[in-house]
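So this block is start05.tsv, TSV, C-alpha atoms:
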```tsv
chain	number	residue	atom	x	y	z
D	4	MET	CA	50.91	135.75	136.20
D	5	LEU	CA	52.85	138.46	134.43
D	6	ASN	CA	53.04	142.00	135.81
D	7	ILE	CA	53.46	144.59	133.07
D	8	PRO	CA	53.66	148.35	133.55
D	9	GLN	CA	51.08	150.20	131.45
D	10	ILE	CA	53.79	151.93	129.42
D	11	TYR	CA	55.05	148.62	128.04
D	12	LEU	CA	51.55	147.34	127.31
D	13	ASP	CA	50.97	150.52	125.31
D	14	GLU	CA	54.33	150.17	123.51
D	15	MET	CA	53.64	146.56	122.51
D	16	ILE	CA	50.21	147.36	121.10
D	17	ALA	CA	51.50	150.48	119.32
D	18	HIS	CA	54.34	148.44	117.81
D	19	ALA	CA	51.86	145.81	116.54
D	20	ILE	CA	49.68	148.50	114.95
D	21	ARG	CA	52.63	150.35	113.42
D	22	GLU	CA	54.02	147.21	111.76
D	23	TYR	CA	50.63	146.11	110.39
D	24	PRO	CA	50.06	144.42	107.94
D	25	LEU	CA	53.31	142.66	108.85
D	26	GLU	CA	53.74	140.70	112.06
D	27	ALA	CA	55.53	142.74	114.70
D	28	CYS	CA	57.93	141.27	117.24
D	29	GLY	CA	59.89	142.37	120.27
D	30	LEU	CA	61.54	141.12	123.43
D	31	ILE	CA	60.54	141.73	127.01
D	32	ALA	CA	63.02	142.12	129.84
D	33	GLY	CA	62.47	141.76	133.52
D	34	THR	CA	62.91	139.57	136.55
D	35	GLY	CA	60.69	136.63	137.34
D	36	ASP	CA	57.12	137.62	136.52
D	37	ARG	CA	57.73	141.38	136.45
D	38	VAL	CA	58.36	143.13	133.11
D	39	ASP	CA	60.82	146.02	133.30
D	40	GLY	CA	61.50	146.70	129.65
D	41	PHE	CA	60.33	146.18	126.09
D	42	TYR	CA	62.60	146.13	123.04
D	43	LYS	CA	61.09	146.44	119.58
D	44	THR	CA	62.94	144.16	117.18
D	45	HIS	CA	63.02	143.99	113.41
D	46	ASN	CA	61.02	141.12	111.91
D	47	ASP	CA	63.57	139.62	109.52
D	48	ALA	CA	60.82	137.55	107.89
D	49	ALA	CA	58.97	140.79	106.91
D	50	SER	CA	55.80	138.74	106.66
D	51	ALA	CA	52.15	138.95	107.65
D	52	ARG	CA	52.26	135.29	108.68
D	53	ILE	CA	55.62	134.60	110.31
D	54	TYR	CA	58.23	136.44	112.33
D	55	THR	CA	61.92	136.06	113.02
D	56	VAL	CA	63.49	138.30	115.62
D	57	ASN	CA	66.57	139.98	114.15
D	58	PRO	CA	69.40	138.31	116.07
D	59	LEU	CA	71.53	141.46	116.34
D	60	ASP	CA	68.54	143.30	117.82
D	61	TYR	CA	68.24	140.40	120.28
D	62	LEU	CA	71.95	140.62	121.14
D	63	LYS	CA	71.70	144.37	121.80
D	64	ALA	CA	68.54	143.94	123.88
D	65	ASP	CA	70.21	141.17	125.86
D	66	ARG	CA	73.24	143.35	126.60
D	67	ASP	CA	71.09	146.30	127.60
D	68	ALA	CA	68.92	144.16	129.87
D	69	GLU	CA	72.00	142.69	131.53
D	70	ALA	CA	73.46	146.17	132.07
D	71	ARG	CA	70.21	147.07	133.86
D	72	GLY	CA	70.44	144.00	136.06
D	73	THR	CA	67.59	142.18	134.33
D	74	SER	CA	67.40	139.64	131.53
D	75	ILE	CA	65.26	138.77	128.53
D	76	ILE	CA	62.28	136.84	129.88
D	77	GLY	CA	60.06	136.56	126.85
D	78	VAL	CA	58.97	137.55	123.39
D	79	MET	CA	56.01	139.50	122.04
D	80	HIS	CA	54.63	139.16	118.55
D	81	SER	CA	51.46	140.08	116.76
D	82	HIS	CA	48.89	138.04	114.91
D	83	THR	CA	47.36	140.31	112.33
D	84	HIS	CA	44.37	138.20	111.36
D	85	SER	CA	44.12	135.49	114.00
D	86	GLU	CA	43.49	135.24	117.71
D	87	ALA	CA	46.02	136.09	120.43
D	88	TYR	CA	46.85	132.43	120.95
D	89	PRO	CA	50.06	130.53	120.11
D	90	SER	CA	49.96	128.85	116.72
D	91	PRO	CA	51.48	125.41	116.07
D	92	THR	CA	54.49	127.25	114.59
D	93	ASP	CA	54.83	129.34	117.75
D	94	VAL	CA	54.76	126.22	119.88
D	95	ALA	CA	57.19	124.28	117.69
D	96	GLN	CA	59.70	127.11	117.70
D	97	ALA	CA	59.33	128.33	121.30
D	98	PRO	CA	62.97	128.77	122.36
D	99	ASP	CA	62.76	128.76	126.14
D	100	PRO	CA	60.36	126.97	128.53
D	101	ASN	CA	60.89	129.69	131.15
D	102	TRP	CA	59.90	132.54	128.81
D	103	HIS	CA	56.63	134.42	128.63
D	104	TYR	CA	55.04	134.45	125.18
D	105	ILE	CA	52.95	137.57	124.61
D	106	LEU	CA	50.54	137.67	121.68
D	107	VAL	CA	48.84	140.80	120.39
D	108	SER	CA	45.92	140.15	118.07
D	109	LEU	CA	44.73	142.78	115.64
D	110	LYS	CA	41.92	140.59	114.36
D	111	HIS	CA	39.20	142.48	116.18
D	112	LYS	CA	38.36	146.18	116.37
D	113	ASP	CA	40.34	146.59	119.60
D	114	PRO	CA	43.77	144.93	119.98
D	115	ILE	CA	43.88	142.01	122.41
D	116	LEU	CA	47.03	141.16	124.41
D	117	ARG	CA	47.47	137.83	126.18
D	118	SER	CA	50.43	135.96	127.66
D	119	PHE	CA	51.28	132.26	127.74
D	120	SER	CA	53.90	129.82	128.85
D	121	ILE	CA	54.90	127.10	126.40
D	122	VAL	CA	56.55	124.09	128.01
D	123	GLU	CA	57.24	120.93	126.01
D	124	GLY	CA	54.44	121.77	123.61
D	125	ASN	CA	51.89	122.59	126.31
D	126	ILE	CA	50.31	126.03	126.20
D	127	VAL	CA	49.17	127.57	129.48
D	128	GLU	CA	47.68	131.05	129.60
D	129	GLU	CA	48.84	133.33	132.40
D	130	SER	CA	47.03	136.39	133.64
D	131	VAL	CA	48.44	139.76	132.65
D	132	VAL	CA	48.37	142.24	135.51
D	133	ARG	CA	48.61	145.90	134.56
D	134	VAL	CA	50.78	147.74	137.06
D	135	ASN	CA	51.74	151.37	137.47
D	136	CYS	CA	55.43	152.12	136.89
G	2	MET	CA	93.52	132.17	125.67
G	3	ALA	CA	90.29	132.27	127.68
G	4	ILE	CA	87.35	133.76	125.82
G	5	GLU	CA	84.13	134.97	127.42
G	6	VAL	CA	81.01	133.19	126.21
G	7	ARG	CA	77.61	134.67	127.04
G	8	LEU	CA	74.83	132.14	127.37
G	9	PRO	CA	71.10	132.70	126.86
G	10	THR	CA	68.77	131.88	129.72
G	11	VAL	CA	67.68	128.62	128.10
G	12	LEU	CA	71.24	127.24	128.16
G	13	ARG	CA	72.25	128.40	131.62
G	14	ALA	CA	70.78	125.40	133.41
G	15	ALA	CA	73.24	123.21	131.50
G	16	ALA	CA	76.09	125.47	132.70
G	17	SER	CA	75.33	125.41	136.42
G	18	GLY	CA	73.21	128.54	136.09
G	19	GLN	CA	76.04	130.74	134.81
G	20	ALA	CA	75.30	133.56	132.36
G	21	ASN	CA	78.95	133.99	131.33
G	22	VAL	CA	81.64	131.36	131.16
G	23	PHE	CA	85.28	131.49	130.08
G	24	VAL	CA	86.70	128.76	127.88
G	25	GLU	CA	89.92	128.23	125.95
G	26	GLY	CA	90.12	128.21	122.17
G	27	GLU	CA	91.52	129.87	119.05
G	28	THR	CA	88.43	129.50	116.85
G	29	ILE	CA	84.66	129.50	117.35
G	30	GLY	CA	84.69	125.73	116.75
G	31	GLU	CA	87.30	125.21	119.47
G	32	ILE	CA	85.41	127.48	121.84
G	33	LEU	CA	82.17	125.55	121.34
G	34	LYS	CA	84.00	122.22	121.69
G	35	ALA	CA	85.58	123.39	124.96
G	36	LEU	CA	82.17	124.59	126.12
G	37	SER	CA	80.67	121.21	125.30
G	38	ASP	CA	83.49	119.40	127.12
G	39	SER	CA	82.97	121.55	130.23
G	40	PHE	CA	79.18	121.30	130.13
G	41	PRO	CA	78.14	118.07	128.38
G	42	GLY	CA	74.45	119.01	128.34
G	43	LEU	CA	75.17	122.10	126.31
G	44	GLY	CA	77.03	120.87	123.24
G	45	ASN	CA	74.21	119.13	121.39
G	46	GLN	CA	72.02	122.21	121.77
G	47	VAL	CA	74.53	124.32	119.87
G	48	ILE	CA	76.15	121.92	117.39
G	49	SER	CA	74.17	119.59	115.08
G	50	PRO	CA	75.07	115.92	114.75
G	51	ASP	CA	76.72	116.74	111.39
G	52	GLY	CA	79.11	119.11	113.18
G	53	SER	CA	77.64	122.37	111.91
G	54	LEU	CA	75.98	125.09	113.93
G	55	HIS	CA	72.48	124.14	115.01
G	56	ARG	CA	69.99	126.01	112.83
G	57	PHE	CA	68.00	127.22	115.84
G	58	VAL	CA	71.04	128.90	117.35
G	59	ASN	CA	72.87	132.09	116.40
G	60	VAL	CA	76.47	132.58	117.47
G	61	TYR	CA	77.94	136.06	117.51
G	62	LEU	CA	81.58	137.08	117.74
G	63	ASN	CA	81.23	140.54	119.26
G	64	ASP	CA	78.66	142.15	116.87
G	65	ASP	CA	79.05	139.71	113.96
G	66	ASP	CA	77.10	136.57	113.16
G	67	VAL	CA	79.74	133.88	112.66
G	68	ARG	CA	77.69	132.43	109.77
G	69	TYR	CA	78.73	135.54	107.84
G	70	LEU	CA	82.35	135.24	108.94
G	71	GLU	CA	84.18	131.91	108.69
G	72	LYS	CA	81.55	129.94	110.64
G	73	LEU	CA	83.25	127.49	113.03
G	74	GLU	CA	86.65	128.37	111.56
G	75	THR	CA	86.30	132.01	112.63
G	76	LYS	CA	89.35	133.02	114.64
G	77	VAL	CA	88.93	134.67	118.02
G	78	ALA	CA	91.27	137.11	119.74
G	79	ASP	CA	91.96	138.10	123.30
G	80	GLY	CA	89.13	140.27	124.60
G	81	ASP	CA	86.54	138.97	122.11
G	82	VAL	CA	83.12	138.03	123.45
G	83	VAL	CA	81.16	135.14	121.97
G	84	SER	CA	77.37	135.25	122.43
G	85	ILE	CA	75.06	132.32	121.89
G	86	LEU	CA	71.42	133.19	121.22
G	87	PRO	CA	68.44	131.01	120.39
G	88	ALA	CA	66.69	131.82	117.13
G	89	VAL	CA	63.39	133.44	118.09
G	90	ALA	CA	60.68	132.87	115.51
G	91	GLY	CA	57.09	131.85	115.03
G	92	GLY	CA	54.04	132.63	113.01
G	93	SER	CA	50.29	132.74	112.86
G	94	PHE	CA	49.66	129.35	111.29
```
Starting from the file, lay out its structure as structure tokens.
Amino acid sequence: MLNIPQIYLDEMIAHAIREYPLEACGLIAGTGDRVDGFYKTHNDAASARIYTVNPLDYLKADRDAEARGTSIIGVMHSHTHSEAYPSPTDVAQAPDPNWHYILVSLKHKDPILRSFSIVEGNIVEESVVRVNC
Amino acid sequence: MAIEVRLPTVLRAAASGQANVFVEGETIGEILKALSDSFPGLGNQVISPDGSLHRFVNVYLNDDDVRYLEKLETKVADGDVVSILPAVAGGSF
């Protein structure tokens, strides 16, 4: 389960739409299963099919999260033409088994946001709970 | 000279859960070697078997990626902060 304030859900979907047709990416901060921040990051791959979080954006997000007493607990990225489900590339490159992996799909008329854990190649969906700030 | 090294969450388990550690060294290579000596589980996640930086890891000296400085030969000074970050990437295929 991942608890996400509405404001960050809105920001993630808006970021995905704004970056279209390229894949959008960002980092989520929080504690445990509670999201307390979202950082848009530059997609260094500038691609509709792959993303690479700009490492300096990551460093700055990491510092800011730490200053707020939280930490980076996951990554969001968009799939512009496929489902909100981790691809083989996402699984192969998942950096942290404790992270939450949020996918926003723009394949359908309305954006779809889902969250997963990826541990040793195994994908497990977790429920996203919308919370008020 | 003890230099602060900030560790990403994925590497903290190998460093007894610490987010920041202090190790001795004059260059990034020496810092990473000292880190590896202190926390044996950590070294092979940062340095490749050929001795270069692991391609899935980014190492920053303050705000600069050491790959664009002198890589492992980059000199460090008192008060510098070294940050290790996993490369975060993926795709839709």
Practice problem: Go through G:Ala16, G:Gly92, G:Val11, G:Leu54 one by one, measure the shortest atom-to-atom distance of each to Asp38 (chain G) using only C-alpha atoms, and give the residue with the smallest value. | Solution: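 Ranked by minimum distance to Asp38 (chain G), first place goes to G:Ala16.
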Practice problem: Could you give me, as a list in words, the residues within 9 Å of Leu12 (chain D), counting all atoms listed in the file and dropping anything in the same chain fewer than 4 positions from it? | Solution: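 That gives Ile7, Pro8, Ile16, Ala17, Phe41, Leu116 and Arg133 of chain D.
Among the candidates D:Pro89, D:Gly124, D:Gly33, D:Gly40, the residue lying nearest to chain G is D:Pro89 (atoms considered: all atoms listed in the file).
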Self-check item: Pick from G:Gln19, G:Gly30, G:Leu73, G:Glu25, whichever lies nearest to Ala3 (chain G) using all atoms listed in the file
Solution: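 Residue with the minimum atom-to-atom distance to Ala3 (chain G): G:Glu25.
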Practice problem: Could you list, as number ranges by chain, the residues of chain D having an atom within 8 Å of chain G when counting all atoms listed in the file? | Solution: D: 52-56, 58-59, 61-62, 75, 82, 85, 89-94, 96-101
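Going from CA of Val82 (chain G) to CA of Val6 (chain G) covers 6.0 Å.
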Quiz item: Hey, what's within 9 Å of Lys43 (chain D) if we count only C-alpha atoms and toss same-chain stuff fewer than 4 positions away? As a PyMOL selection string, please?
Solution: chain D and resi 14-15+18+27-31+60+64+79
Quiz item: Which one of G:Leu62, G:Ala14, G:Leu43, G:Ala78 sits closest to Gly26 (chain G) if you count all atoms listed in the file?
Solution: G:Ala78
Quiz item: Can you tell me how far CA of Thr34 (chain D) sits from CA of Leu8 (chain G), in Å to one decimal?
Solution: 16.8 Å
Quiz item: In Å, with one decimal, what is the gap from CA of Tyr42 (chain D) to CA of Val122 (chain D)?
Solution: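 Taking CA of Tyr42 (chain D) and CA of Val122 (chain D), their separation equals 23.4 Å.
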Practice problem: Kindly indicate which residue among G:Ile4, G:Phe40, G:Val67, G:Glu74 lies nearest to Phe23 (chain G), using only C-alpha atoms for the distances. | Solution: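 With only C-alpha atoms as the atom set, the closest residue is G:Ile4.
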Exercise. Name the closest residue to Gly35 (chain D) among the candidates D:Ala49, D:Ile20, D:Ile10, D:Met4; distances are taken between atoms, counting only C-alpha atoms.
Key: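 For Gly35 (chain D), the nearest of the candidates is D:Met4.
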N, CA and C atoms modelled onto region 108-133 of chain D, as an mmCIF file, in the frame of the given file:
```
data_model
loop_
_atom_site.group_PDB
_atom_site.id
_atom_site.type_symbol
_atom_site.label_atom_id
_atom_site.label_comp_id
_atom_site.auth_asym_id
_atom_site.auth_seq_id
_atom_site.Cartn_x
_atom_site.Cartn_y
_atom_site.Cartn_z
ATOM 1 N N SER D 108 46.762 140.388 119.243
ATOM 2 C CA SER D 108 45.920 140.150 118.070
ATOM 3 C C SER D 108 45.307 141.451 117.591
ATOM 4 N N LEU D 109 45.375 141.617 116.261
ATOM 5 C CA LEU D 109 44.730 142.780 115.640
ATOM 6 C C LEU D 109 43.512 142.334 114.832
ATOM 7 N N LYS D 110 43.032 141.140 115.139
ATOM 8 C CA LYS D 110 41.920 140.590 114.360
ATOM 9 C C LYS D 110 40.630 141.374 114.585
ATOM 10 N N HIS D 111 40.449 141.816 115.824
ATOM 11 C CA HIS D 111 39.200 142.480 116.180
ATOM 12 C C HIS D 111 39.388 144.009 116.185
ATOM 13 N N LYS D 112 38.317 144.711 116.424
ATOM 14 C CA LYS D 112 38.360 146.180 116.370
ATOM 15 C C LYS D 112 39.385 146.719 117.378
ATOM 16 N N ASP D 113 39.367 146.168 118.587
ATOM 17 C CA ASP D 113 40.340 146.590 119.600
ATOM 18 C C ASP D 113 41.427 145.514 119.739
ATOM 19 N N PRO D 114 42.686 145.920 119.810
ATOM 20 C CA PRO D 114 43.770 144.930 119.980
ATOM 21 C C PRO D 114 43.578 144.135 121.282
ATOM 22 N N ILE D 115 43.960 142.866 121.227
ATOM 23 C CA ILE D 115 43.880 142.010 122.410
ATOM 24 C C ILE D 115 45.276 141.483 122.715
ATOM 25 N N LEU D 116 45.700 141.623 123.990
ATOM 26 C CA LEU D 116 47.030 141.160 124.410
ATOM 27 C C LEU D 116 46.855 140.067 125.458
ATOM 28 N N ARG D 117 47.512 138.933 125.213
ATOM 29 C CA ARG D 117 47.470 137.830 126.180
ATOM 30 C C ARG D 117 48.877 137.265 126.330
ATOM 31 N N SER D 118 49.100 136.534 127.414
ATOM 32 C CA SER D 118 50.430 135.960 127.660
ATOM 33 C C SER D 118 50.305 134.476 127.996
ATOM 34 N N PHE D 119 51.316 133.719 127.580
ATOM 35 C CA PHE D 119 51.280 132.260 127.740
ATOM 36 C C PHE D 119 52.666 131.747 128.145
ATOM 37 N N SER D 120 52.657 130.571 128.755
ATOM 38 C CA SER D 120 53.900 129.820 128.850
ATOM 39 C C SER D 120 53.777 128.645 127.883
ATOM 40 N N ILE D 121 54.887 128.229 127.332
ATOM 41 C CA ILE D 121 54.900 127.100 126.400
ATOM 42 C C ILE D 121 56.000 126.156 126.875
ATOM 43 N N VAL D 122 55.587 125.029 127.444
ATOM 44 C CA VAL D 122 56.550 124.090 128.010
ATOM 45 C C VAL D 122 56.304 122.710 127.387
ATOM 46 N N GLU D 123 57.320 122.241 126.673
ATOM 47 C CA GLU D 123 57.240 120.930 126.010
ATOM 48 C C GLU D 123 55.936 120.781 125.218
ATOM 49 N N GLY D 124 55.597 121.818 124.496
ATOM 50 C CA GLY D 124 54.440 121.770 123.610
ATOM 51 C C GLY D 124 53.116 122.096 124.277
ATOM 52 N N ASN D 125 53.137 122.269 125.600
ATOM 53 C CA ASN D 125 51.890 122.590 126.310
ATOM 54 C C ASN D 125 51.748 124.101 126.490
ATOM 55 N N ILE D 126 50.581 124.589 126.108
ATOM 56 C CA ILE D 126 50.310 126.030 126.200
ATOM 57 C C ILE D 126 49.472 126.281 127.449
ATOM 58 N N VAL D 127 49.949 127.182 128.297
ATOM 59 C CA VAL D 127 49.170 127.570 129.480
ATOM 60 C C VAL D 127 49.077 129.093 129.505
ATOM 61 N N GLU D 128 47.851 129.596 129.521
ATOM 62 C CA GLU D 128 47.680 131.050 129.600
ATOM 63 C C GLU D 128 47.994 131.530 131.006
ATOM 64 N N GLU D 129 48.604 132.717 131.093
ATOM 65 C CA GLU D 129 48.840 133.330 132.400
ATOM 66 C C GLU D 129 48.158 134.690 132.403
ATOM 67 N N SER D 130 47.721 135.104 133.569
ATOM 68 C CA SER D 130 47.030 136.390 133.640
ATOM 69 C C SER D 130 48.039 137.528 133.489
ATOM 70 N N VAL D 131 47.610 138.560 132.803
ATOM 71 C CA VAL D 131 48.440 139.760 132.650
ATOM 72 C C VAL D 131 47.902 140.803 133.611
ATOM 73 N N VAL D 132 48.763 141.248 134.523
ATOM 74 C CA VAL D 132 48.370 142.240 135.510
ATOM 75 C C VAL D 132 49.001 143.572 135.154
ATOM 76 N N ARG D 133 48.143 144.558 134.926
ATOM 77 C CA ARG D 133 48.610 145.900 134.560
ATOM 78 C C ARG D 133 49.059 146.599 135.835
#
```
